[in-house]
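The next block holds one structure in the form of structure tokens; read it before the comments.
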Amino acid sequence: MTTQALSIIIAGIVFFFFLGIKIVRPTHRGLIERLGKYHKFATPGFHWIIPFIDKMYAVNVTEQMVDAQPQEIITNDNLNASVDAQVYFKVIETEESVKNSQYNVNDYRRQIVNLARTTLRNIIGTLTLRSANSERGKINAELHNTLRNETSNWGIVIVRTELKEIDPPRDVQDTMNKVVKAENEKIAAIDYATATETAADGVKRAKIKEAEGYKRAKILHAEGEAEAIMLVNEAADKYFTGNAQLLKKLETVEASLKSNAKIVVPTGAELVNIIGDMAGVLPIHTTKNENGESKNTLLSTPV
């Protein structure tokens, strides 16, 4: 064998070796088939297969998403609605699950889309348009449960489902918007009326409190005046009994004299004694002081 032929053989062997090198990424798992039959499971890292005899299929085991694509669905109240959803799933990393994802279902991504579309038609077809919009959580839960049960032997797990949109026809949408606007205006009007009524109640309570305070002040003032009058009467009864009556009689006599009333003085009577009698005072009593001077004193009549 010549050197040239040996070089060709070595080059062929090297090429054949490199041709069989396969690298599996951490995001994938591999299934190696030999002559059309499953041979072994390939984990992340370096692998060598026999070229042209072995073949490796890489399977993504990260979380993936498929769009169920918009479709027209007739609701229970005979309205057409455009419905779209997204499904999130992942292939389980175990050898058995990866094998099931390749050998138990043909193109699991397309199968998930078709199954999701069919399930949405079944669920939303039993609901009215209003209930379908208000019960998105319930629709998502039913869709998730159905997909999870139907794909249990596919080697995948349905992580979650998201209902993207439920769009009614344009005319129905306009009518619904008007209804929502009217309801919001009604709620706003009720809130405004409630706030106004609350403010009026506050003013009313303040007025009542003010009136009660004014009433209480008047009562206290009247009680104070009554107590003062009572104290004055008690003092008058205690200290001024008789003197007040005498003062009143003297004031009466004074008023009579000012009005030029005629007074009849009997013969031999003293004028001052006559006036004293009119005022209820005893006649003049004449006394002498220490200097021997005479002094006239009116004596009050006993009460």
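Scheme for the structure tokens: letters A, B, ... for chains in order shown; per-chain residue numbers from 1; ligand numbers from 1 in order shown.
Taking the backbone of this structure through DSSP, the residues of segment 94-212 of chain A that come out as strand (DSSP E or B) are A:Ile156, A:Val157, A:Ile158, A:Val159, A:Arg160, A:Thr161, A:Glu162, A:Leu163, A:Lys164, A:Glu165, A:Ile166, A:Asp167.
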Pull C-alpha atoms from the residues just selected and write them as an mmCIF file, in the first residue's frame.
data_model
loop_
_atom_site.group_PDB
_atom_site.id
_atom_site.type_symbol
_atom_site.label_atom_id
_atom_site.label_comp_id
_atom_site.auth_asym_id
_atom_site.auth_seq_id
_atom_site.Cartn_x
_atom_site.Cartn_y
_atom_site.Cartn_z
ATOM 1 C CA ILE A 156 -45.718 16.370 27.452
ATOM 2 C CA VAL A 157 -47.244 18.485 30.204
ATOM 3 C CA ILE A 158 -49.645 21.389 29.602
ATOM 4 C CA VAL A 159 -48.243 24.212 31.731
ATOM 5 C CA ARG A 160 -51.087 26.725 31.268
ATOM 6 C CA THR A 161 -53.571 28.075 28.755
ATOM 7 C CA GLU A 162 -54.399 31.731 28.073
ATOM 8 C CA LEU A 163 -57.562 32.926 26.360
ATOM 9 C CA LYS A 164 -56.295 35.900 24.337
ATOM 10 C CA GLU A 165 -59.504 37.415 23.030
ATOM 11 C CA ILE A 166 -63.233 36.919 22.543
ATOM 12 C CA ASP A 167 -64.267 39.569 20.036
#
Could you find all residues in segment 2-209 of chain A that DSSP calls helix (DSSP H, G or I) from the backbone, and write them as a count of residues only?
-> 104
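Across the structure, atom CA of Phe17 of chain A and atom CA of Lys40 of chain A are spaced 19.1 Å apart.
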Can you pull out every residue within 7 Å of Thr27 of chain A, counting only C-alpha atoms, but drop anything in the same chain fewer than 3 positions away, and send it as a PyMOL selection string?
-> chain A and resi 60-62
Selection from above, N, CA and C atoms, as a short mmCIF file (atom, residue, chain, number, x, y, z; two decimals), in the first residue's frame, can you write it?
data_model
loop_
_atom_site.label_atom_id
_atom_site.label_comp_id
_atom_site.auth_asym_id
_atom_site.auth_seq_id
_atom_site.Cartn_x
_atom_site.Cartn_y
_atom_site.Cartn_z
N ASN A 60 -36.68 19.25 21.90
CA ASN A 60 -36.64 20.41 22.81
C ASN A 60 -37.46 20.12 24.05
N VAL A 61 -36.84 20.30 25.23
CA VAL A 61 -37.55 20.02 26.48
C VAL A 61 -37.83 21.30 27.27
N THR A 62 -37.64 22.46 26.66
CA THR A 62 -37.97 23.72 27.34
C THR A 62 -39.45 24.04 27.14
#
Exercise: segment 67-76 of chain A partners within 12 Å, only C-alpha atoms, chain neighbours under 4 positions left out, as a ChimeraX atom specification = /A:80-89,109-133,143,161-169
Spatial neighbours of Gln102 of chain A, max dist 9 Å, only C-alpha atoms, sep filter under 6 positions, as a list of chain:residue names = A:Leu31, A:Val59, A:Tyr108, A:Trp154, A:Gly155
Keeping only C-alpha atoms, write the selected residues as a compact mmCIF listing (two decimals), in the first residue's frame.
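So again30.txt came out as:
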# COMPACT_ATOMS: atom_id res chain seq x y z
CA LEU A 31 -33.24 9.75 20.63
CA VAL A 59 -36.16 16.99 21.14
CA TYR A 108 -47.51 17.14 18.87
CA TRP A 154 -47.81 12.18 24.63
CA GLY A 155 -44.90 12.68 27.01
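In terms of minimum interatomic distance to Asn153 of chain A, A:Val98 ranks closest within A:Val98, A:Asp191, A:Ala141, A:Lys181, counting only C-alpha atoms.
For the atom pair formed by atom CA of Glu183 of chain A and atom CA of Gly137 of chain A, the distance is 23.6 Å, given to one decimal.
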Quick one: of A:Ala200, A:Ile92, A:Ala195, A:Ile9, who's nearest to Ser152 of chain A, counting only C-alpha atoms?
-> A:Ile92
